[in-house]
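K.L.:
As input, take target-v2.pdb (PDB, C-alpha atoms):
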```
MODEL        1
ATOM      1  CA  MET A 869       8.245  16.739  -9.660
ATOM      2  CA  GLY A 870       7.363  15.229  -6.291
ATOM      3  CA  ILE A 871       7.521  11.897  -4.490
ATOM      4  CA  ILE A 872       4.357   9.874  -3.839
ATOM      5  CA  ASP A 873       3.870   7.851  -0.656
ATOM      6  CA  THR A 874       1.539   5.113  -1.873
ATOM      7  CA  HIS A 875       0.760   3.652   1.569
ATOM      8  CA  SER A 876       0.500   5.649   4.794
ATOM      9  CA  HIS A 877      -1.811   5.463   7.809
ATOM     10  CA  LEU A 878      -1.357   9.152   8.584
ATOM     11  CA  TYR A 879      -4.877   9.301  10.032
ATOM     12  CA  LEU A 880      -4.041   7.009  12.982
ATOM     13  CA  GLU A 881      -3.855   8.119  16.619
ATOM     14  CA  GLU A 882      -0.055   8.090  16.529
ATOM     15  CA  PHE A 883      -0.244  11.384  14.595
ATOM     16  CA  ASP A 884      -2.946  13.081  16.665
ATOM     17  CA  ASN A 885      -0.482  15.446  18.365
ATOM     18  CA  ASP A 886       1.372  16.619  15.267
ATOM     19  CA  ARG A 887      -0.426  15.478  12.114
ATOM     20  CA  GLU A 888      -0.320  18.900  10.445
ATOM     21  CA  ASP A 889       3.373  19.243  11.310
ATOM     22  CA  ALA A 890       4.008  15.811   9.771
ATOM     23  CA  ILE A 891       2.213  16.939   6.624
ATOM     24  CA  ARG A 892       4.299  20.112   6.453
ATOM     25  CA  ARG A 893       7.476  18.062   6.882
ATOM     26  CA  ALA A 894       6.298  15.805   4.064
ATOM     27  CA  GLN A 895       5.671  18.744   1.762
ATOM     28  CA  VAL A 896       9.070  20.248   2.580
ATOM     29  CA  ALA A 897      10.524  16.828   1.679
ATOM     30  CA  ASP A 898       8.871  17.083  -1.783
ATOM     31  CA  ILE A 899       6.048  14.641  -1.076
ATOM     32  CA  GLU A 900       3.330  15.628  -3.538
ATOM     33  CA  SER A 901       0.684  13.025  -2.599
ATOM     34  CA  ILE A 902      -0.070  10.446   0.086
ATOM     35  CA  LEU A 903      -2.376   7.473  -0.458
ATOM     36  CA  LEU A 904      -4.300   6.273   2.597
ATOM     37  CA  PRO A 905      -5.355   2.620   2.874
ATOM     38  CA  ASN A 906      -8.285   1.898   5.168
ATOM     39  CA  ILE A 907      -8.148  -0.654   8.014
ATOM     40  CA  ASP A 908     -11.655  -1.283   9.353
ATOM     41  CA  LEU A 909     -14.924   0.510  10.169
ATOM     42  CA  SER A 910     -13.337   2.527  12.983
ATOM     43  CA  SER A 911     -10.728   4.112  10.700
ATOM     44  CA  ILE A 912     -13.038   5.355   7.945
ATOM     45  CA  ASP A 913     -14.123   8.661   9.484
ATOM     46  CA  ARG A 914     -10.554   9.553  10.437
ATOM     47  CA  MET A 915      -9.320   8.773   6.938
ATOM     48  CA  HIS A 916     -12.106  10.765   5.256
ATOM     49  CA  ALA A 917     -11.535  13.737   7.561
ATOM     50  CA  LEU A 918      -7.864  13.896   6.633
ATOM     51  CA  CYS A 919      -8.649  13.702   2.918
ATOM     52  CA  ASP A 920     -11.273  16.427   3.238
ATOM     53  CA  LEU A 921      -8.747  18.686   4.978
ATOM     54  CA  HIS A 922      -6.115  18.047   2.319
ATOM     55  CA  PRO A 923      -7.765  17.446  -1.071
ATOM     56  CA  ASN A 924      -5.344  16.900  -3.957
ATOM     57  CA  PHE A 925      -2.766  15.723  -1.417
ATOM     58  CA  ALA A 926      -4.331  12.868   0.580
ATOM     59  CA  TYR A 927      -6.321  10.200  -1.284
ATOM     60  CA  PRO A 928      -8.398   7.445   0.377
ATOM     61  CA  MET A 929      -8.703   3.739  -0.344
ATOM     62  CA  MET A 930     -11.517   1.534   0.889
ATOM     63  CA  GLY A 931     -11.082  -1.979   2.223
ATOM     64  CA  LEU A 932     -10.981  -4.303   5.214
ATOM     65  CA  HIS A 933      -7.540  -5.242   6.517
ATOM     66  CA  PRO A 934      -7.129  -9.033   6.830
ATOM     67  CA  THR A 935      -6.253  -8.909  10.534
ATOM     68  CA  SER A 936      -9.608  -7.180  11.116
ATOM     69  CA  VAL A 937     -11.565 -10.018   9.481
ATOM     70  CA  ASP A 938     -13.644 -12.238  11.777
ATOM     71  CA  LYS A 939     -16.981 -14.066  11.605
ATOM     72  CA  ASP A 940     -18.815 -10.744  11.262
ATOM     73  CA  TYR A 941     -16.982  -9.730   8.076
ATOM     74  CA  PRO A 942     -20.049  -9.937   5.738
ATOM     75  CA  GLY A 943     -21.838  -7.114   7.552
ATOM     76  CA  ILE A 944     -18.679  -5.018   7.664
ATOM     77  CA  LEU A 945     -18.141  -5.450   3.933
ATOM     78  CA  ARG A 946     -21.750  -4.443   3.239
ATOM     79  CA  LYS A 947     -21.186  -1.164   5.095
ATOM     80  CA  MET A 948     -17.935  -0.513   3.271
ATOM     81  CA  GLU A 949     -19.427  -1.391  -0.095
ATOM     82  CA  SER A 950     -22.207   1.143   0.498
ATOM     83  CA  LEU A 951     -19.549   3.876   0.707
ATOM     84  CA  LEU A 952     -17.829   3.066  -2.568
ATOM     85  CA  HIS A 953     -20.108   5.320  -4.614
ATOM     86  CA  THR A 954     -20.262   8.197  -2.128
ATOM     87  CA  ARG A 955     -16.845   9.679  -2.952
ATOM     88  CA  PRO A 956     -13.807   8.928  -5.125
ATOM     89  CA  TYR A 957     -11.369   6.257  -3.938
ATOM     90  CA  CYS A 958      -7.969   5.659  -5.502
ATOM     91  CA  ALA A 959      -7.901   1.907  -4.739
ATOM     92  CA  ILE A 960      -9.423  -1.006  -2.859
ATOM     93  CA  GLY A 961      -7.208  -1.543   0.151
ATOM     94  CA  GLU A 962      -5.726  -2.523   2.368
ATOM     95  CA  ILE A 963      -6.901  -6.064   1.698
ATOM     96  CA  GLY A 964      -5.326  -9.505   1.641
ATOM     97  CA  ILE A 965      -4.506 -12.495   3.833
ATOM     98  CA  ASP A 966      -2.355 -12.521   6.982
ATOM     99  CA  LEU A 967      -1.482 -15.856   8.620
ATOM    100  CA  TYR A 968       1.369 -14.540  10.785
ATOM    101  CA  TRP A 969      -0.689 -13.585  13.820
ATOM    102  CA  ASP A 970      -3.631 -15.967  13.664
ATOM    103  CA  LYS A 971      -5.019 -18.616  11.332
ATOM    104  CA  THR A 972      -8.412 -18.865  13.046
ATOM    105  CA  TYR A 973     -10.271 -16.964  10.332
ATOM    106  CA  LEU A 974      -8.377 -18.148   7.250
ATOM    107  CA  LYS A 975     -11.596 -19.174   5.498
ATOM    108  CA  GLU A 976     -13.179 -15.800   6.285
ATOM    109  CA  GLN A 977     -10.037 -13.883   5.280
ATOM    110  CA  LYS A 978      -9.989 -15.635   1.915
ATOM    111  CA  ALA A 979     -13.675 -14.998   1.289
ATOM    112  CA  ALA A 980     -13.381 -11.326   2.285
ATOM    113  CA  PHE A 981     -10.297 -10.896   0.112
ATOM    114  CA  GLU A 982     -11.984 -12.402  -2.927
ATOM    115  CA  GLU A 983     -15.094 -10.283  -2.525
ATOM    116  CA  GLN A 984     -12.992  -7.128  -2.365
ATOM    117  CA  LEU A 985     -10.981  -8.226  -5.401
ATOM    118  CA  GLN A 986     -14.303  -8.344  -7.226
ATOM    119  CA  TRP A 987     -15.027  -4.778  -6.101
ATOM    120  CA  SER A 988     -11.801  -3.698  -7.786
ATOM    121  CA  ILE A 989     -12.869  -5.318 -11.051
ATOM    122  CA  ASP A 990     -16.363  -3.840 -10.889
ATOM    123  CA  LEU A 991     -15.050  -0.333 -10.187
ATOM    124  CA  ASP A 992     -11.882  -0.564 -12.297
ATOM    125  CA  LEU A 993      -9.694   0.258  -9.300
ATOM    126  CA  PRO A 994      -6.310  -1.181  -8.331
ATOM    127  CA  VAL A 995      -5.873  -3.179  -5.129
ATOM    128  CA  ALA A 996      -3.353  -2.684  -2.321
ATOM    129  CA  ILE A 997      -2.566  -6.187  -1.080
ATOM    130  CA  HIS A 998      -1.300  -7.108   2.371
ATOM    131  CA  THR A 999       0.181 -10.597   2.590
ATOM    132  CA  ARG A1000       2.104 -12.083   5.473
ATOM    133  CA  GLU A1001       3.044 -15.760   5.421
ATOM    134  CA  ALA A1002       0.234 -16.176   2.884
ATOM    135  CA  PHE A1003       1.640 -15.814  -0.632
ATOM    136  CA  PRO A1004       0.203 -19.153  -1.864
ATOM    137  CA  GLU A1005      -3.262 -18.299  -0.534
ATOM    138  CA  VAL A1006      -3.163 -14.794  -2.009
ATOM    139  CA  PHE A1007      -2.019 -16.028  -5.416
ATOM    140  CA  ASP A1008      -4.737 -18.687  -5.381
ATOM    141  CA  SER A1009      -7.432 -16.053  -4.803
ATOM    142  CA  ILE A1010      -6.076 -13.751  -7.503
ATOM    143  CA  TYR A1011      -6.107 -16.548 -10.080
ATOM    144  CA  LYS A1012      -9.591 -17.502  -8.973
ATOM    145  CA  ILE A1013     -10.959 -13.964  -9.367
ATOM    146  CA  LYS A1014     -10.098 -13.210 -13.018
ATOM    147  CA  LYS A1015      -6.391 -12.454 -12.718
ATOM    148  CA  ASP A1016      -6.337 -10.780 -16.135
ATOM    149  CA  LYS A1017      -8.772  -8.112 -14.930
ATOM    150  CA  LEU A1018      -6.936  -7.308 -11.696
ATOM    151  CA  LYS A1019      -4.162  -4.780 -11.152
ATOM    152  CA  GLY A1020      -2.508  -3.510  -8.030
ATOM    153  CA  VAL A1021       0.443  -3.518  -5.679
ATOM    154  CA  PHE A1022       1.840  -5.968  -3.173
ATOM    155  CA  HIS A1023       2.220  -3.581  -0.252
ATOM    156  CA  SER A1024       5.405  -3.774   1.841
ATOM    157  CA  PHE A1025       6.849  -6.478  -0.362
ATOM    158  CA  SER A1026       9.527  -8.551   1.346
ATOM    159  CA  GLY A1027       9.021 -11.902  -0.355
ATOM    160  CA  LYS A1028      11.451 -14.235  -2.066
ATOM    161  CA  GLU A1029      12.514 -14.409  -5.700
ATOM    162  CA  ALA A1030       9.825 -17.015  -6.468
ATOM    163  CA  HIS A1031       7.138 -14.678  -5.101
ATOM    164  CA  LEU A1032       8.586 -11.830  -7.124
ATOM    165  CA  LYS A1033       8.433 -13.850 -10.339
ATOM    166  CA  GLU A1034       4.778 -14.680  -9.723
ATOM    167  CA  ILE A1035       3.920 -11.045  -9.001
ATOM    168  CA  LYS A1036       5.659  -9.933 -12.194
ATOM    169  CA  LYS A1037       3.735 -12.569 -14.149
ATOM    170  CA  LEU A1038       0.507 -11.116 -12.748
ATOM    171  CA  GLY A1039       1.585  -7.614 -13.764
ATOM    172  CA  PHE A1040       1.359  -6.209 -10.234
ATOM    173  CA  LYS A1041       3.673  -3.596  -8.733
ATOM    174  CA  LEU A1042       5.909  -3.968  -5.676
ATOM    175  CA  GLY A1043       5.332  -1.536  -2.807
ATOM    176  CA  ILE A1044       8.765  -0.920  -1.260
ATOM    177  CA  GLY A1045       9.201   0.770   2.095
ATOM    178  CA  GLY A1046      11.667   1.106   4.937
ATOM    179  CA  VAL A1047      12.459  -2.616   5.185
ATOM    180  CA  VAL A1048      14.710  -2.290   2.118
ATOM    181  CA  THR A1049      17.120  -0.183   4.221
ATOM    182  CA  TYR A1050      17.502  -2.728   7.050
ATOM    183  CA  LYS A1051      20.896  -4.290   7.633
ATOM    184  CA  ASN A1052      19.890  -7.958   7.576
ATOM    185  CA  THR A1053      17.233  -7.862   4.852
ATOM    186  CA  LYS A1054      17.681  -9.821   1.622
ATOM    187  CA  LEU A1055      15.268  -7.504  -0.173
ATOM    188  CA  PRO A1056      17.903  -5.532  -2.145
ATOM    189  CA  GLU A1057      19.232  -8.779  -3.624
ATOM    190  CA  THR A1058      15.701  -9.927  -4.463
ATOM    191  CA  LEU A1059      14.934  -6.626  -6.172
ATOM    192  CA  MET A1060      17.834  -7.177  -8.553
ATOM    193  CA  HIS A1061      15.480  -9.652 -10.249
ATOM    194  CA  ALA A1062      12.922  -6.859 -10.732
ATOM    195  CA  SER A1063      12.965  -3.646 -12.721
ATOM    196  CA  ILE A1064      12.659  -0.132 -11.356
ATOM    197  CA  GLU A1065       9.481   0.031 -13.466
ATOM    198  CA  ASP A1066       7.968  -2.580 -11.118
ATOM    199  CA  ILE A1067       8.325  -0.413  -8.009
ATOM    200  CA  VAL A1068       6.216   2.149  -6.186
ATOM    201  CA  LEU A1069       7.350   3.772  -2.948
ATOM    202  CA  GLU A1070       5.606   3.722   0.414
ATOM    203  CA  THR A1071       6.196   4.284   4.115
ATOM    204  CA  ASP A1072       3.401   2.324   5.863
ATOM    205  CA  SER A1073       3.759   5.062   8.474
ATOM    206  CA  PRO A1074       3.587   5.018  11.450
ATOM    207  CA  PHE A1075       5.093   1.536  11.024
ATOM    208  CA  LEU A1076       8.388   0.188   9.599
ATOM    209  CA  PRO A1077      10.597   3.306   9.712
ATOM    210  CA  PRO A1078      13.695   3.192   7.498
ATOM    211  CA  VAL A1079      17.281   3.480   8.669
ATOM    212  CA  PRO A1080      18.374   5.796  10.295
ATOM    213  CA  HIS A1081      14.958   6.303  11.934
ATOM    214  CA  ARG A1082      14.405   2.777  13.313
ATOM    215  CA  GLY A1083      12.900   2.868  16.780
ATOM    216  CA  LYS A1084      10.978   6.058  15.951
ATOM    217  CA  ARG A1085       7.470   6.528  14.623
ATOM    218  CA  ASN A1086       7.609   6.410  10.843
ATOM    219  CA  GLU A1087       6.223   9.338   8.834
ATOM    220  CA  PRO A1088       5.897  10.236   5.139
ATOM    221  CA  SER A1089       8.968  12.515   5.029
ATOM    222  CA  TYR A1090      11.167   9.490   5.787
ATOM    223  CA  ILE A1091      10.358   8.082   2.346
ATOM    224  CA  ARG A1092      13.442   9.867   1.045
ATOM    225  CA  GLU A1093      15.629   7.253   2.789
ATOM    226  CA  THR A1094      13.809   4.463   0.954
ATOM    227  CA  LEU A1095      14.029   6.325  -2.345
ATOM    228  CA  ALA A1096      17.782   6.802  -1.895
ATOM    229  CA  LYS A1097      18.229   3.070  -1.242
ATOM    230  CA  ILE A1098      16.236   2.143  -4.349
ATOM    231  CA  ALA A1099      18.344   4.586  -6.365
ATOM    232  CA  SER A1100      21.522   2.870  -5.148
ATOM    233  CA  ILE A1101      20.186  -0.622  -5.958
ATOM    234  CA  TYR A1102      19.501   0.351  -9.573
ATOM    235  CA  THR A1103      22.446   2.768  -9.860
ATOM    236  CA  LEU A1104      20.190   5.670 -10.706
ATOM    237  CA  SER A1105      20.167   9.244  -9.470
ATOM    238  CA  PHE A1106      17.730  10.370  -6.792
ATOM    239  CA  GLU A1107      15.943  12.468  -9.407
ATOM    240  CA  GLU A1108      15.678   9.615 -11.929
ATOM    241  CA  THR A1109      14.293   7.298  -9.259
ATOM    242  CA  THR A1110      11.760   9.919  -8.198
ATOM    243  CA  GLU A1111      10.600  10.382 -11.800
ATOM    244  CA  ILE A1112      10.300   6.668 -12.592
ATOM    245  CA  THR A1113       8.528   5.628  -9.375
ATOM    246  CA  ARG A1114       6.212   8.607  -9.699
ATOM    247  CA  ARG A1115       5.319   7.554 -13.235
ATOM    248  CA  ASN A1116       4.766   3.965 -12.059
ATOM    249  CA  THR A1117       2.395   5.249  -9.384
ATOM    250  CA  TYR A1118       0.319   7.332 -11.803
ATOM    251  CA  GLU A1119       0.094   4.404 -14.214
ATOM    252  CA  LEU A1120      -1.411   2.251 -11.471
ATOM    253  CA  PHE A1121      -3.428   4.712  -9.376
ATOM    254  CA  LYS A1122      -5.165   6.551 -12.187
ATOM    255  CA  LYS A1123      -7.736   8.191  -9.899
ATOM    256  CA  ILE A1124      -5.106  10.471  -8.369
ATOM    257  CA  CYS A1125      -4.511  11.951 -11.825
ATOM    258  CA  SER A1126      -8.114  13.082 -12.312
TER     259      SER A1126
ENDMDL
END
```
For the file at hand, write its structure as structure tokens.
P.N.:
Amino acid sequence: MGIIDTHSHLYLEEFDNDREDAIRRAQVADIESILLPNIDLSSIDRMHALCDLHPNFAYPMMGLHPTSVDKDYPGILRKMESLLHTRPYCAIGEIGIDLYWDKTYLKEQKAAFEEQLQWSIDLDLPVAIHTREAFPEVFDSIYKIKKDKLKGVFHSFSGKEAHLKEIKKLGFKLGIGGVVTYKNTKLPETLMHASIEDIVLETDSPFLPPVPHRGKRNEPSYIRETLAKIASIYTLSFEETTEITRRNTYELFKKICS
């Protein structure tokens, strides 16, 4: 029974020199599957190539990352939408709203997010949501676009208890990665208000490496550090935590079961 990394950008240039070695390390670390969220048009071919090399191990998502949204987003979404029926995707992602870096295209980000939420309803796929300093805006869009028909995960969750309560009310999962291991994070305390059944594991590699790997490039094999921390928060064994988070993942990402 293996671990599933529900969010990794293993196709990025940071892995060009040792991608196959990173995959072998992941498999040695009992990683059974890796889910790959898309970023923009430039990342699609790389993502597809990795999935074609490793079927039944690497699974693609399709979506436009909020920090890649600008005034030209309608044309980009048309191109992405045209790909949705050309191969199986396990989710719509990585999509959302990010107001940390720039608020210039807030209107466009919101419109792009809502259109992609509709894709998920039309195709009966979960969504992988990126939100940074934008929880109110993201919640507003979800309620606008038929909240009862949407399902998904808040990727790299590091919000407050109030955000957690709203996410639980929506029935979404929490994607937990390396941040939960950081010394000054309040995330472990926040997660005490959640259940282990609410959680799926992720790395967001090559970003956000867990302790003791901070300062290095993150990779899927490091997910074991996050899993161990989650196990300690809920006073479960490593094996129990693996089983429960794996089950949570298969309940949400049904396309990786088929």
K.L.:
In Å, with one decimal, what is the gap from CA of Trp969 (chain A) to CA of Thr935 (chain A)?
P.N.:
8.0 Å
K.L.:
Could you check which of A:Val1048, A:Val896, A:Ile965, A:Leu1059 is closest to Thr1071 (chain A), using all atoms listed in the file?
P.N.:
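Among A:Val1048, A:Val896, A:Ile965, A:Leu1059, it is A:Val1048 that comes nearest to Thr1071 (chain A).
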K.L.:
The PyMOL selection byres ((chain A and resi 1095-1109) around 10) on the file shown: which residues, as a PyMOL selection string?
P.N.:
chain A and resi 869-871+1044-1046+1048-1049+1056-1057+1059-1060+1062-1065+1067-1070+1078-1079+1090-1094+1110-1115
K.L.:
Restricting the calculation to only C-alpha atoms, which member of A:Glu1001, A:Asp898, A:Glu1087, A:Asp940 is positioned closest to Asp966 (chain A)?
P.N.:
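Looking at the shortest contact to Asp966 (chain A), the residue is A:Glu1001.
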K.L.:
Return as CSV the residues of region 975-1027 of chain A lying at most 10 Å from region 872-875 of chain A, together with the closest atom-to-atom pair for each and the distance in Å to one decimal, counting all atoms listed in the file, with rows in chain order and ascending residue number.
P.N.:
```
residue,atom,partner,partner_atom,distance
A:Ala996,CA,A:His875,CA,8.5
A:Val1021,CA,A:Thr874,CA,9.5
A:His1023,CA,A:His875,CA,7.6
A:Ser1024,CA,A:His875,CA,8.8
```
K.L.:
Please measure the separation of CA of Ser1073 (chain A) and CA of Ile902 (chain A), giving the value in Å to one decimal.
P.N.:
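Result for CA of Ser1073 (chain A) versus CA of Ile902 (chain A): 10.7 Å, one decimal.
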K.L.:
Starting from 3 Å padding per side, set up an axis-aligned box that covers all listed atoms of region 905-920 of chain A and hand over centre and edge lengths in Å, one decimal, as lines of an AutoDock Vina configuration file.
P.N.:
```
center_x = -10.1
center_y = 7.6
center_z = 7.9
size_x = 15.6
size_y = 23.7
size_z = 16.1
```
K.L.:
Counting all atoms listed in the file, write as number ranges by chain all protein and nucleic acid residues lying at most 6 Å from (8.1, 1.6, 12.8) in the file's frame.
P.N.:
A: 1074-1077, 1085-1086
K.L.:
Using all atoms listed in the file, give me every residue within 8 Å of (-5.6, 3.7, -11.1) in file coordinates, as a ChimeraX atom specification.
P.N.:
/A:958-959,992-994,1118-1124
K.L.:
How would the residues just picked look written out with C-alpha atoms as an mmCIF file, keeping the file's coordinate frame?
P.N.:
```cif
data_model
loop_
_atom_site.group_PDB
_atom_site.id
_atom_site.type_symbol
_atom_site.label_atom_id
_atom_site.label_comp_id
_atom_site.auth_asym_id
_atom_site.auth_seq_id
_atom_site.Cartn_x
_atom_site.Cartn_y
_atom_site.Cartn_z
ATOM 1 C CA CYS A 958 -7.969 5.659 -5.502
ATOM 2 C CA ALA A 959 -7.901 1.907 -4.739
ATOM 3 C CA ASP A 992 -11.882 -0.564 -12.297
ATOM 4 C CA LEU A 993 -9.694 0.258 -9.300
ATOM 5 C CA PRO A 994 -6.310 -1.181 -8.331
ATOM 6 C CA TYR A 1118 0.319 7.332 -11.803
ATOM 7 C CA GLU A 1119 0.094 4.404 -14.214
ATOM 8 C CA LEU A 1120 -1.411 2.251 -11.471
ATOM 9 C CA PHE A 1121 -3.428 4.712 -9.376
ATOM 10 C CA LYS A 1122 -5.165 6.551 -12.187
ATOM 11 C CA LYS A 1123 -7.736 8.191 -9.899
ATOM 12 C CA ILE A 1124 -5.106 10.471 -8.369
#
```
K.L.:
For the file shown, what are the residues hit by the PyMOL selection byres ((chain A and resi 883) around 12), laid out as an MDAnalysis selection string?
P.N.:
chainID A and resid 876:882 884:891 914 918 1073:1075 1085:1088
